[in-house]
file data_32.pdb (PDB, C-alpha atoms)
ATOM      1  CA  MET K 890     -18.866   2.207 -28.779
ATOM      2  CA  ARG K 891     -17.825  -0.201 -26.084
ATOM      3  CA  ILE K 892     -15.132   0.613 -23.564
ATOM      4  CA  LEU K 893     -13.773  -1.449 -20.682
ATOM      5  CA  VAL K 894     -14.366   0.479 -17.441
ATOM      6  CA  ASN K 895     -12.737  -0.983 -14.339
ATOM      7  CA  GLY K 896     -12.756  -4.390 -15.964
ATOM      8  CA  ALA K 897     -16.403  -4.354 -17.168
ATOM      9  CA  TRP K 898     -17.580  -3.610 -20.715
ATOM     10  CA  ARG K 899     -19.807  -0.531 -20.928
ATOM     11  CA  GLU K 900     -21.608   1.109 -23.817
ATOM     12  CA  THR K 901     -20.983   4.828 -24.186
ATOM     13  CA  SER K 902     -21.855   7.554 -26.644
ATOM     14  CA  ALA K 903     -19.273   9.931 -25.150
ATOM     15  CA  ALA K 904     -16.475  10.981 -27.463
ATOM     16  CA  GLN K 905     -14.002  11.796 -24.752
ATOM     17  CA  LEU K 906     -13.095  10.726 -21.246
ATOM     18  CA  ALA K 907     -14.653  13.587 -19.263
ATOM     19  CA  ALA K 908     -18.039  13.085 -20.919
ATOM     20  CA  ALA K 909     -17.832   9.312 -20.422
ATOM     21  CA  LEU K 910     -17.249   9.778 -16.676
ATOM     22  CA  GLU K 911     -20.341  11.972 -16.468
ATOM     23  CA  GLU K 912     -22.389   9.480 -18.453
ATOM     24  CA  LEU K 913     -21.213   6.574 -16.289
ATOM     25  CA  GLY K 914     -22.305   8.352 -13.114
ATOM     26  CA  TYR K 915     -18.996   9.656 -11.754
ATOM     27  CA  GLY K 916     -20.030  13.303 -11.903
ATOM     28  CA  GLY K 917     -18.620  15.251  -8.973
ATOM     29  CA  ALA K 918     -16.728  12.255  -7.565
ATOM     30  CA  ILE K 919     -13.100  12.471  -6.452
ATOM     31  CA  VAL K 920     -11.523   9.998  -8.809
ATOM     32  CA  THR K 921      -8.340   9.635 -10.815
ATOM     33  CA  THR K 922      -8.190   8.055 -14.237
ATOM     34  CA  ALA K 923      -6.027   6.063 -16.592
ATOM     35  CA  LEU K 924      -6.590   5.229 -20.249
ATOM     36  CA  ASN K 925      -4.980   2.082 -21.644
ATOM     37  CA  GLY K 926      -2.576   1.984 -18.716
ATOM     38  CA  GLU K 927      -1.512   5.635 -18.949
ATOM     39  CA  PHE K 928      -2.446   8.224 -16.331
ATOM     40  CA  VAL K 929      -4.825  10.925 -17.592
ATOM     41  CA  ALA K 930      -4.837  14.015 -15.372
ATOM     42  CA  ALA K 931      -8.203  15.529 -14.482
ATOM     43  CA  ALA K 932      -7.482  18.615 -16.567
ATOM     44  CA  ALA K 933      -6.733  16.459 -19.612
ATOM     45  CA  ARG K 934      -9.910  14.344 -19.508
ATOM     46  CA  SER K 935     -12.002  16.622 -21.708
ATOM     47  CA  GLY K 936      -9.268  16.629 -24.360
ATOM     48  CA  THR K 937      -8.791  12.848 -24.287
ATOM     49  CA  ALA K 938     -10.635  11.108 -27.100
ATOM     50  CA  LEU K 939     -12.022   7.618 -26.619
ATOM     51  CA  ALA K 940     -11.945   4.795 -29.117
ATOM     52  CA  ASP K 941     -13.830   1.520 -29.277
ATOM     53  CA  GLY K 942     -12.159  -1.071 -27.028
ATOM     54  CA  ASP K 943     -10.347   1.449 -24.813
ATOM     55  CA  ARG K 944      -9.525   0.387 -21.263
ATOM     56  CA  VAL K 945     -10.441   2.996 -18.662
ATOM     57  CA  GLU K 946      -9.518   2.830 -14.984
ATOM     58  CA  VAL K 947     -11.448   4.998 -12.535
ATOM     59  CA  LEU K 948      -9.843   4.863  -9.091
ATOM     60  CA  ALA K 949     -10.624   6.509  -5.775
ATOM     61  CA  PRO K 950      -9.091   6.626  -2.268
ATOM     62  CA  MET K 951      -9.353   3.337  -0.445
ATOM     63  CA  GLN K 952      -8.027   1.646   2.686
ATOM     64  CA  GLY K 953      -4.404   0.578   2.356
ATOM     65  CA  GLY K 954      -1.440  -0.636   4.379
TER      66      GLY K 954
ATOM     67  CA  MET R1428      12.629  15.025  15.768
ATOM     68  CA  LEU R1429      12.308  12.515  12.942
ATOM     69  CA  GLU R1430      12.200  14.169   9.524
ATOM     70  CA  LEU R1431      10.808  12.445   6.449
ATOM     71  CA  TYR R1432      11.734  14.357   3.293
ATOM     72  CA  GLY R1433      12.038  17.507   5.342
ATOM     73  CA  THR R1434       8.726  17.035   7.147
ATOM     74  CA  PRO R1435       9.049  16.745  10.936
ATOM     75  CA  VAL R1436       7.100  13.792  12.301
ATOM     76  CA  ALA R1437       6.687  13.548  16.068
ATOM     77  CA  SER R1438       5.072  10.100  16.153
ATOM     78  CA  ARG R1439       7.263   7.184  15.186
ATOM     79  CA  LEU R1440       4.241   4.969  14.677
ATOM     80  CA  LEU R1441       2.824   5.081  11.161
ATOM     81  CA  LEU R1442      -0.510   3.348  10.755
ATOM     82  CA  GLY R1443      -2.140   1.534   7.855
ATOM     83  CA  SER R1444      -5.829   2.116   7.195
ATOM     84  CA  ALA R1445      -6.900  -1.331   5.935
ATOM     85  CA  ARG R1446      -8.732  -4.295   7.442
ATOM     86  CA  TYR R1447     -10.378  -2.567  10.430
ATOM     87  CA  PRO R1448     -13.771  -3.833  11.615
ATOM     88  CA  SER R1449     -15.344  -0.445  10.758
ATOM     89  CA  PRO R1450     -14.403   3.063   9.639
ATOM     90  CA  ALA R1451     -15.220   4.344  13.127
ATOM     91  CA  ILE R1452     -12.757   1.909  14.710
ATOM     92  CA  LEU R1453     -10.109   2.929  12.175
ATOM     93  CA  ALA R1454     -10.566   6.567  13.149
ATOM     94  CA  GLU R1455     -10.415   5.739  16.861
ATOM     95  CA  ALA R1456      -7.311   3.585  16.356
ATOM     96  CA  VAL R1457      -5.502   6.417  14.555
ATOM     97  CA  ARG R1458      -6.268   8.703  17.477
ATOM     98  CA  ALA R1459      -5.190   6.066  20.039
ATOM     99  CA  ALA R1460      -1.934   5.495  18.139
ATOM    100  CA  GLN R1461      -1.363   9.256  17.916
ATOM    101  CA  SER R1462      -0.118   8.582  14.392
ATOM    102  CA  GLU R1463       0.556  11.541  12.145
ATOM    103  CA  VAL R1464       1.061   9.482   9.009
ATOM    104  CA  VAL R1465      -1.565   7.049   7.693
ATOM    105  CA  THR R1466      -1.171   4.899   4.599
ATOM    106  CA  VAL R1467      -3.892   4.795   1.970
ATOM    107  CA  ALA R1468      -4.409   3.191  -1.421
ATOM    108  CA  LEU R1469      -6.327   3.531  -4.678
ATOM    109  CA  ARG R1470      -8.924   1.058  -5.842
ATOM    110  CA  ARG R1471     -11.502   0.857  -8.591
ATOM    111  CA  GLU R1472     -14.463   3.079  -7.745
ATOM    112  CA  SER R1473     -18.025   1.997  -8.485
ATOM    113  CA  ALA R1474     -20.170   4.868  -9.743
ATOM    114  CA  GLY R1475     -23.113   3.465  -7.778
ATOM    115  CA  GLU R1476     -21.478   2.738  -4.429
ATOM    116  CA  ARG R1477     -18.864   5.496  -4.390
ATOM    117  CA  ALA R1478     -17.174   3.803  -1.420
ATOM    118  CA  GLY R1479     -13.997   5.777  -1.900
ATOM    119  CA  GLN R1480     -15.722   9.114  -1.423
ATOM    120  CA  GLY R1481     -16.816   8.293   2.131
ATOM    121  CA  PHE R1482     -13.445   6.819   3.035
ATOM    122  CA  TRP R1483     -11.593   9.889   1.811
ATOM    123  CA  GLY R1484     -13.896  12.127   3.861
ATOM    124  CA  LEU R1485     -13.117  10.068   6.957
ATOM    125  CA  ILE R1486      -9.348  10.257   6.419
ATOM    126  CA  ARG R1487      -9.403  13.993   5.789
ATOM    127  CA  ALA R1488     -11.318  14.540   9.023
ATOM    128  CA  LEU R1489      -8.473  12.849  10.934
ATOM    129  CA  ASN R1490      -6.129  15.677   9.989
ATOM    130  CA  VAL R1491      -3.183  13.348   9.303
ATOM    131  CA  ARG R1492      -0.609  13.242   6.535
ATOM    132  CA  VAL R1493      -1.406  10.490   4.050
ATOM    133  CA  LEU R1494       1.156   8.159   2.553
ATOM    134  CA  PRO R1495      -0.409   6.585  -0.560
ATOM    135  CA  ASN R1496       0.885   3.181  -1.591
ATOM    136  CA  THR R1497       1.189   1.268  -4.832
ATOM    137  CA  ALA R1498       0.064  -2.002  -3.227
ATOM    138  CA  GLY R1499      -0.843  -4.731  -5.656
ATOM    139  CA  CYS R1500       1.453  -3.468  -8.406
ATOM    140  CA  HIS R1501       3.640  -6.155  -9.932
ATOM    141  CA  THR R1502       5.408  -4.146 -12.637
ATOM    142  CA  VAL R1503       7.314  -0.884 -12.876
ATOM    143  CA  LYS R1504       4.716   0.450 -15.289
ATOM    144  CA  GLU R1505       1.797  -0.310 -12.963
ATOM    145  CA  ALA R1506       3.582   1.215  -9.985
ATOM    146  CA  VAL R1507       4.569   4.394 -11.841
ATOM    147  CA  THR R1508       1.060   4.913 -13.245
ATOM    148  CA  THR R1509      -0.481   4.261  -9.816
ATOM    149  CA  ALA R1510       1.915   6.803  -8.282
ATOM    150  CA  HIS R1511       0.825   9.413 -10.814
ATOM    151  CA  MET R1512      -2.814   8.741 -10.016
ATOM    152  CA  ALA R1513      -2.157   8.846  -6.261
ATOM    153  CA  ARG R1514      -0.325  12.153  -6.483
ATOM    154  CA  GLU R1515      -3.294  13.723  -8.219
ATOM    155  CA  VAL R1516      -6.020  12.425  -5.957
ATOM    156  CA  PHE R1517      -4.180  12.684  -2.621
ATOM    157  CA  GLY R1518      -2.302  15.876  -3.408
ATOM    158  CA  THR R1519       1.046  14.700  -2.029
ATOM    159  CA  PRO R1520       4.427  13.865  -3.575
ATOM    160  CA  TRP R1521       4.854  11.084  -1.001
ATOM    161  CA  ILE R1522       4.500   7.558  -2.337
ATOM    162  CA  LYS R1523       5.033   4.255  -0.557
ATOM    163  CA  LEU R1524       6.441   2.357  -3.479
ATOM    164  CA  GLU R1525       5.605  -1.334  -3.633
ATOM    165  CA  VAL R1526       6.502  -3.529  -6.575
ATOM    166  CA  ILE R1527       5.567  -7.059  -5.601
ATOM    167  CA  GLY R1528       7.736  -9.840  -6.967
ATOM    168  CA  GLU R1529       6.303 -12.974  -5.399
ATOM    169  CA  ASP R1530       2.771 -13.690  -4.285
ATOM    170  CA  ASP R1531       3.256 -16.115  -1.389
ATOM    171  CA  THR R1532       5.568 -13.824   0.569
ATOM    172  CA  LEU R1533       4.639 -10.504  -1.102
ATOM    173  CA  GLN R1534       8.383 -10.045  -1.284
ATOM    174  CA  PRO R1535       9.335  -6.877  -3.151
ATOM    175  CA  ASP R1536      10.773  -7.146  -6.649
ATOM    176  CA  VAL R1537      13.820  -5.121  -5.732
ATOM    177  CA  PHE R1538      14.936  -4.743  -9.359
ATOM    178  CA  GLY R1539      11.612  -3.256 -10.445
ATOM    179  CA  LEU R1540      11.487  -1.270  -7.216
ATOM    180  CA  THR R1541      14.812   0.407  -7.918
ATOM    181  CA  GLU R1542      13.840   1.219 -11.496
ATOM    182  CA  ALA R1543      10.475   2.660 -10.448
ATOM    183  CA  ALA R1544      12.124   4.656  -7.648
ATOM    184  CA  ARG R1545      14.520   6.219 -10.147
ATOM    185  CA  ILE R1546      11.709   7.204 -12.510
ATOM    186  CA  LEU R1547       9.497   8.639  -9.779
ATOM    187  CA  THR R1548      12.271  10.541  -8.003
ATOM    188  CA  ALA R1549      13.179  12.211 -11.305
ATOM    189  CA  GLU R1550       9.547  13.295 -11.571
ATOM    190  CA  GLY R1551       9.595  14.962  -8.166
ATOM    191  CA  PHE R1552       8.088  12.195  -6.055
ATOM    192  CA  GLU R1553       9.332  11.556  -2.529
ATOM    193  CA  VAL R1554       9.637   7.811  -2.550
ATOM    194  CA  PHE R1555       9.273   5.511   0.469
ATOM    195  CA  PRO R1556      10.374   2.176  -1.006
ATOM    196  CA  TYR R1557       9.090  -1.047   0.541
ATOM    197  CA  THR R1558      12.234  -3.151   0.366
ATOM    198  CA  THR R1559      14.112  -6.014   1.980
ATOM    199  CA  GLU R1560      17.026  -5.643   4.401
ATOM    200  CA  ASP R1561      19.509  -6.200   1.542
ATOM    201  CA  LEU R1562      22.381  -3.716   1.843
ATOM    202  CA  VAL R1563      23.174  -3.543  -1.848
ATOM    203  CA  VAL R1564      19.558  -2.925  -2.761
ATOM    204  CA  ALA R1565      19.435  -0.206  -0.112
ATOM    205  CA  GLU R1566      22.490   1.414  -1.680
ATOM    206  CA  ARG R1567      20.850   1.299  -5.120
ATOM    207  CA  LEU R1568      17.659   2.853  -3.788
ATOM    208  CA  LEU R1569      19.616   5.701  -2.238
ATOM    209  CA  GLU R1570      21.460   6.189  -5.534
ATOM    210  CA  ALA R1571      18.044   6.308  -7.231
ATOM    211  CA  GLY R1572      17.189   9.269  -5.041
ATOM    212  CA  CYS R1573      15.310   7.723  -2.107
ATOM    213  CA  ARG R1574      15.939   9.508   1.184
ATOM    214  CA  VAL R1575      13.873   7.129   3.336
ATOM    215  CA  LEU R1576      13.913   3.324   3.257
ATOM    216  CA  MET R1577      11.216   0.951   4.453
ATOM    217  CA  PRO R1578      12.685  -2.501   5.000
ATOM    218  CA  TRP R1579      10.365  -5.335   5.895
ATOM    219  CA  GLY R1580      10.500  -7.025   9.287
ATOM    220  CA  ALA R1581       8.744 -10.098   7.905
ATOM    221  CA  PRO R1582       6.229 -10.753   5.106
ATOM    222  CA  ILE R1583       3.231  -8.399   5.090
ATOM    223  CA  GLY R1584       0.523  -9.457   7.517
ATOM    224  CA  SER R1585       2.555 -12.370   8.907
ATOM    225  CA  GLY R1586       3.038 -10.958  12.410
ATOM    226  CA  ARG R1587       6.411 -12.685  12.726
ATOM    227  CA  GLY R1588       8.389  -9.692  13.899
ATOM    228  CA  LEU R1589      11.987  -8.956  12.917
ATOM    229  CA  ASN R1590      12.951 -12.098  10.999
ATOM    230  CA  ASN R1591      16.550 -11.193  10.246
ATOM    231  CA  LEU R1592      18.009  -9.332  13.193
ATOM    232  CA  TYR R1593      21.535  -9.575  11.850
ATOM    233  CA  GLY R1594      20.585  -8.179   8.448
ATOM    234  CA  LEU R1595      18.475  -5.389   9.888
ATOM    235  CA  GLY R1596      21.209  -4.485  12.367
ATOM    236  CA  ALA R1597      23.716  -4.320   9.521
ATOM    237  CA  LEU R1598      21.362  -2.110   7.512
ATOM    238  CA  ARG R1599      21.002   0.277  10.441
ATOM    239  CA  ALA R1600      24.763   0.385  10.974
ATOM    240  CA  HIS R1601      25.535   0.991   7.273
ATOM    241  CA  PHE R1602      23.161   3.906   6.823
ATOM    242  CA  PRO R1603      23.247   5.813  10.106
ATOM    243  CA  GLY R1604      21.832   9.020   8.655
ATOM    244  CA  VAL R1605      19.000   7.581   6.570
ATOM    245  CA  PRO R1606      15.516   7.380   8.105
ATOM    246  CA  LEU R1607      14.678   3.674   8.231
ATOM    247  CA  ILE R1608      11.096   2.591   8.868
ATOM    248  CA  ILE R1609      10.267  -1.042   9.529
ATOM    249  CA  ASP R1610       7.340  -1.766   7.247
ATOM    250  CA  ALA R1611       5.456  -5.016   7.430
ATOM    251  CA  GLY R1612       5.444  -8.196   9.440
ATOM    252  CA  LEU R1613       5.267  -6.897  13.004
ATOM    253  CA  GLY R1614       2.740  -8.715  15.168
ATOM    254  CA  VAL R1615       2.909  -7.435  18.744
ATOM    255  CA  PRO R1616       4.118  -4.268  20.469
ATOM    256  CA  SER R1617       7.347  -5.936  21.655
ATOM    257  CA  HIS R1618       8.367  -6.296  17.990
ATOM    258  CA  ALA R1619       7.935  -2.557  17.545
ATOM    259  CA  ALA R1620       9.875  -1.794  20.721
ATOM    260  CA  GLN R1621      12.665  -4.064  19.471
ATOM    261  CA  ALA R1622      12.805  -2.226  16.145
ATOM    262  CA  LEU R1623      13.179   1.137  17.875
ATOM    263  CA  GLU R1624      15.731  -0.287  20.335
ATOM    264  CA  LEU R1625      17.792  -1.444  17.348
ATOM    265  CA  GLY R1626      17.823   2.138  16.126
ATOM    266  CA  PHE R1627      15.130   2.075  13.480
ATOM    267  CA  ASP R1628      13.463   5.450  13.239
ATOM    268  CA  ALA R1629       9.846   4.335  13.062
ATOM    269  CA  VAL R1630       7.518   1.438  12.315
ATOM    270  CA  LEU R1631       4.508   1.095  10.051
ATOM    271  CA  ILE R1632       1.797  -1.151  11.472
ATOM    272  CA  ASN R1633      -1.452  -2.238   9.892
ATOM    273  CA  THR R1634      -2.665  -5.812  10.312
ATOM    274  CA  ALA R1635      -1.384  -6.196  13.886
ATOM    275  CA  VAL R1636      -3.624  -3.331  14.972
ATOM    276  CA  ALA R1637      -6.545  -3.690  12.566
ATOM    277  CA  GLN R1638      -7.049  -7.415  13.153
ATOM    278  CA  ALA R1639      -6.490  -7.382  16.918
ATOM    279  CA  ARG R1640      -9.533  -8.276  19.016
ATOM    280  CA  ASP R1641      -9.543  -4.661  20.225
ATOM    281  CA  PRO R1642      -7.808  -2.543  17.565
ATOM    282  CA  VAL R1643      -8.044   0.688  19.548
ATOM    283  CA  ALA R1644      -6.426  -0.812  22.658
ATOM    284  CA  MET R1645      -3.759  -2.427  20.461
ATOM    285  CA  ALA R1646      -3.031   0.887  18.729
ATOM    286  CA  HIS R1647      -2.473   2.430  22.142
ATOM    287  CA  ALA R1648      -0.209  -0.473  23.162
ATOM    288  CA  PHE R1649       1.890  -0.063  20.003
ATOM    289  CA  ALA R1650       2.241   3.664  20.675
ATOM    290  CA  GLN R1651       3.564   2.934  24.155
ATOM    291  CA  ALA R1652       5.966   0.289  22.824
ATOM    292  CA  VAL R1653       7.323   2.636  20.161
ATOM    293  CA  ALA R1654       7.857   5.368  22.737
ATOM    294  CA  ALA R1655       9.567   2.908  25.106
ATOM    295  CA  GLY R1656      11.785   1.499  22.370
ATOM    296  CA  HIS R1657      12.880   4.934  21.226
ATOM    297  CA  ALA R1658      13.568   6.085  24.786
ATOM    298  CA  ALA R1659      15.632   2.924  25.349
ATOM    299  CA  ARG R1660      17.645   3.558  22.192
ATOM    300  CA  LEU R1661      18.471   7.070  23.380
ATOM    301  CA  ALA R1662      19.380   5.699  26.824
ATOM    302  CA  GLY R1663      22.011   3.384  25.328
ATOM    303  CA  PRO R1664      21.236  -0.323  25.787
ATOM    304  CA  ILE R1665      23.970  -2.551  27.182
ATOM    305  CA  ALA R1666      25.662  -5.045  24.903
ATOM    306  CA  ALA R1667      24.529  -8.654  25.162
ATOM    307  CA  ARG R1668      27.092 -11.122  26.567
ATOM    308  CA  ASP R1669      27.395 -14.870  26.518
ATOM    309  CA  MET R1670      28.262 -15.336  30.210
ATOM    310  CA  ALA R1671      26.802 -14.087  33.489
ATOM    311  CA  VAL R1672      28.126 -10.981  35.217
ATOM    312  CA  PRO R1673      27.060 -10.560  38.860
ATOM    313  CA  SER R1674      25.015  -7.448  39.348
ATOM    314  CA  THR R1675      25.572  -7.497  43.120
ATOM    315  CA  PRO R1676      29.108  -6.471  44.110
ATOM    316  CA  VAL R1677      31.220  -9.530  44.974
ATOM    317  CA  ILE R1678      33.664  -7.685  47.242
ATOM    318  CA  GLY R1679      32.831  -8.400  50.874
ATOM    319  CA  THR R1680      30.643 -11.418  50.123
ATOM    320  CA  ALA R1681      30.128 -13.414  53.348
ATOM    321  CA  PHE R1682      31.330 -16.992  53.890
ATOM    322  CA  ARG R1683      33.875 -16.783  51.045
ATOM    323  CA  GLY R1684      37.644 -16.922  51.568
TER     324      GLY R1684
END

call {"tool": "encode", "arguments": {"input": "data_32.pdb", "output": "structure tokens"}}
result
Amino acid sequence: MRILVNGAWRETSAAQLAAALEELGYGGAIVTTALNGEFVAAAARSGTALADGDRVEVLAPMQGG
Amino acid sequence: MLELYGTPVASRLLLGSARYPSPAILAEAVRAAQSEVVTVALRRESAGERAGQGFWGLIRALNVRVLPNTAGCHTVKEAVTTAHMAREVFGTPWIKLEVIGEDDTLQPDVFGLTEAARILTAEGFEVFPYTTEDLVVAERLLEAGCRVLMPWGAPIGSGRGLNNLYGLGALRAHFPGVPLIIDAGLGVPSHAAQALELGFDAVLINTAVAQARDPVAMAHAFAQAVAAGHAARLAGPIAARDMAVPSTPVIGTAFRG
């Protein structure tokens, strides 16, 4: 299926969010996630199913004012 | 000592972490400013570059308290979701709440801000709202549960200083017990000294330090100005007058009478 990751369409075979992050290369990274605009806590990622067309945000610490 | 949500903070200079020439200069500027609180943000992470991982390592090594922001959020929903994400990744209930209402001035949407502050406070966040100097908005934010306010001095990054001295003075006078931090718009250390002289508890500086020709020297200059302004406030500044008052005693002046 295709999911929108940080604004770019990506193909994934992962059924849920935790597996998709691994597949996309985020393994071990300190990131925080949202699915379709809703926060998904790290502990909930493996229980969060993905569907075709889902919008995933993967954010990390960055410079800010 | 200044307390922010029960946390004592010795330095009244909070520093932003954006727009420095390099991470090393950011780290040196934080040390020169002697800041204990540094603002940070969340941005999309690329799996290949992993830029955020290195930045977070640098900030953690500084041993400061981080104040995550919701910069760039234009709606209550975006700001609340960003706050949730920030709390998880930064491990703090502190959130500098920004809900932007207008892009030319980056003026806060004070209606959305108040609504988001109410939601987040109910969820246990300790909200630092980026607001205007409007007294009624300030009252609403306090009702929403905020125990610190961050009024702007001028639009973010503008370097114009305290644009509305009357309004800011009124805000200070109306809420004597509330920590008030001037956030945004300061350009030079004299602006920061003025804010502290007026009785504001602290200032948050980013662009004025980060974009200075020598950010580290400017961070040091701001720290001195903040210390001077606070010391002056405690010393009790005289009231301004319209007419001259001789400082040299007039009794016994020669050649007169």

call {"tool": "closest_residue", "arguments": {"input": "data_32.pdb", "among": "K:Gln905, K:Val945, K:Glu911, K:Gly936", "to": "K:Leu924", "atoms": "all atoms listed in the file"}}
result
K:Val945

call {"tool": "atom_distance", "arguments": {"input": "data_32.pdb", "atom1": "atom CA of R:Thr1532", "atom2": "atom CA of R:Gly1586"}}
result
12.4 Å

call {"tool": "atom_distance", "arguments": {"input": "data_32.pdb", "atom1": "atom CA of R:Ala1629", "atom2": "atom CA of R:Ala1549"}}
result
25.8 Å

call {"tool": "resolve_selection", "arguments": {"input": "data_32.pdb", "expression": "the PyMOL selection byres ((chain K) within 6 of (chain R))", "output": "PyMOL selection string"}}
result
chain K and resi 914-915+921+928+947-954

call {"tool": "atom_distance", "arguments": {"input": "data_32.pdb", "atom1": "atom CA of R:Pro1535", "atom2": "atom CA of R:Ile1609"}}
result
14.0 Å

call {"tool": "residues_near_point", "arguments": {"input": "data_32.pdb", "point": "(-2.5, -8.7, 16.6)", "cutoff": "12 Å", "atoms": "only C-alpha atoms", "output": "PyMOL selection string"}}
result
chain R and resi 1446-1447+1584-1588+1612-1618+1632-1646+1648-1649

call {"tool": "resolve_selection", "arguments": {"input": "data_32.pdb", "expression": "the PyMOL selection byres ((chain K and resi 893-896) around 6)", "output": "PyMOL selection string"}}
result
chain K and resi 892+897-898+944-946

call {"tool": "resolve_selection", "arguments": {"input": "data_32.pdb", "expression": "the PyMOL selection byres ((chain R and resi 1548) around 12)", "output": "PDB file with C-alpha atoms, keeping the file's coordinate frame"}}
result
ATOM      1  CA  TYR R1432      11.734  14.357   3.293  1.00  0.00           C
ATOM      2  CA  VAL R1507       4.569   4.394 -11.841  1.00  0.00           C
ATOM      3  CA  ALA R1510       1.915   6.803  -8.282  1.00  0.00           C
ATOM      4  CA  HIS R1511       0.825   9.413 -10.814  1.00  0.00           C
ATOM      5  CA  PRO R1520       4.427  13.865  -3.575  1.00  0.00           C
ATOM      6  CA  TRP R1521       4.854  11.084  -1.001  1.00  0.00           C
ATOM      7  CA  ILE R1522       4.500   7.558  -2.337  1.00  0.00           C
ATOM      8  CA  LEU R1524       6.441   2.357  -3.479  1.00  0.00           C
ATOM      9  CA  LEU R1540      11.487  -1.270  -7.216  1.00  0.00           C
ATOM     10  CA  THR R1541      14.812   0.407  -7.918  1.00  0.00           C
ATOM     11  CA  GLU R1542      13.840   1.219 -11.496  1.00  0.00           C
ATOM     12  CA  ALA R1543      10.475   2.660 -10.448  1.00  0.00           C
ATOM     13  CA  ALA R1544      12.124   4.656  -7.648  1.00  0.00           C
ATOM     14  CA  ARG R1545      14.520   6.219 -10.147  1.00  0.00           C
ATOM     15  CA  ILE R1546      11.709   7.204 -12.510  1.00  0.00           C
ATOM     16  CA  LEU R1547       9.497   8.639  -9.779  1.00  0.00           C
ATOM     17  CA  ALA R1549      13.179  12.211 -11.305  1.00  0.00           C
ATOM     18  CA  GLU R1550       9.547  13.295 -11.571  1.00  0.00           C
ATOM     19  CA  GLY R1551       9.595  14.962  -8.166  1.00  0.00           C
ATOM     20  CA  PHE R1552       8.088  12.195  -6.055  1.00  0.00           C
ATOM     21  CA  GLU R1553       9.332  11.556  -2.529  1.00  0.00           C
ATOM     22  CA  VAL R1554       9.637   7.811  -2.550  1.00  0.00           C
ATOM     23  CA  PHE R1555       9.273   5.511   0.469  1.00  0.00           C
ATOM     24  CA  PRO R1556      10.374   2.176  -1.006  1.00  0.00           C
ATOM     25  CA  LEU R1568      17.659   2.853  -3.788  1.00  0.00           C
ATOM     26  CA  LEU R1569      19.616   5.701  -2.238  1.00  0.00           C
ATOM     27  CA  GLU R1570      21.460   6.189  -5.534  1.00  0.00           C
ATOM     28  CA  ALA R1571      18.044   6.308  -7.231  1.00  0.00           C
ATOM     29  CA  GLY R1572      17.189   9.269  -5.041  1.00  0.00           C
ATOM     30  CA  CYS R1573      15.310   7.723  -2.107  1.00  0.00           C
ATOM     31  CA  ARG R1574      15.939   9.508   1.184  1.00  0.00           C
ATOM     32  CA  VAL R1575      13.873   7.129   3.336  1.00  0.00           C
TER      33      VAL R1575
END

call {"tool": "residues_around", "arguments": {"input": "data_32.pdb", "residues": "R:Glu1430", "least_positions_apart": "5", "cutoff": "12 Å", "atoms": "only C-alpha atoms", "output": "list in words"}}
result
Pro1435, Val1436, Ala1437, Ser1438, Arg1439, Arg1574, Val1575, Gly1604, Val1605, Pro1606, Leu1607, Ile1608, Asp1628 and Ala1629 of chain R

call {"tool": "residues_around", "arguments": {"input": "data_32.pdb", "residues": "stretch 1660-1674 of chain R", "least_positions_apart": "3", "cutoff": "9 Å", "atoms": "all atoms listed in the file", "output": "list of chain:residue names"}}
result
R:Leu1623, R:Glu1624, R:Leu1625, R:Gly1626, R:Ala1655, R:Gly1656, R:His1657, R:Val1677

call {"tool": "closest_residue", "arguments": {"input": "data_32.pdb", "among": "K:Val920, K:Ala907, K:Glu912, K:Asn925", "to": "K:Thr937", "atoms": "all atoms listed in the file"}}
result
K:Ala907

call {"tool": "axis_aligned_box", "arguments": {"input": "data_32.pdb", "around": "stretch 895-912 of chain K", "padding_each_side": "3 Å", "output": "lines of an AutoDock Vina configuration file"}}
result
center_x = -17.6
center_y = 4.6
center_z = -20.9
size_x = 15.7
size_y = 24.0
size_z = 19.1

call {"tool": "closest_residue", "arguments": {"input": "data_32.pdb", "among": "K:Leu913, K:Ala904, K:Met890, K:Ala918", "to": "K:Leu939", "atoms": "only C-alpha atoms"}}
result
K:Ala904
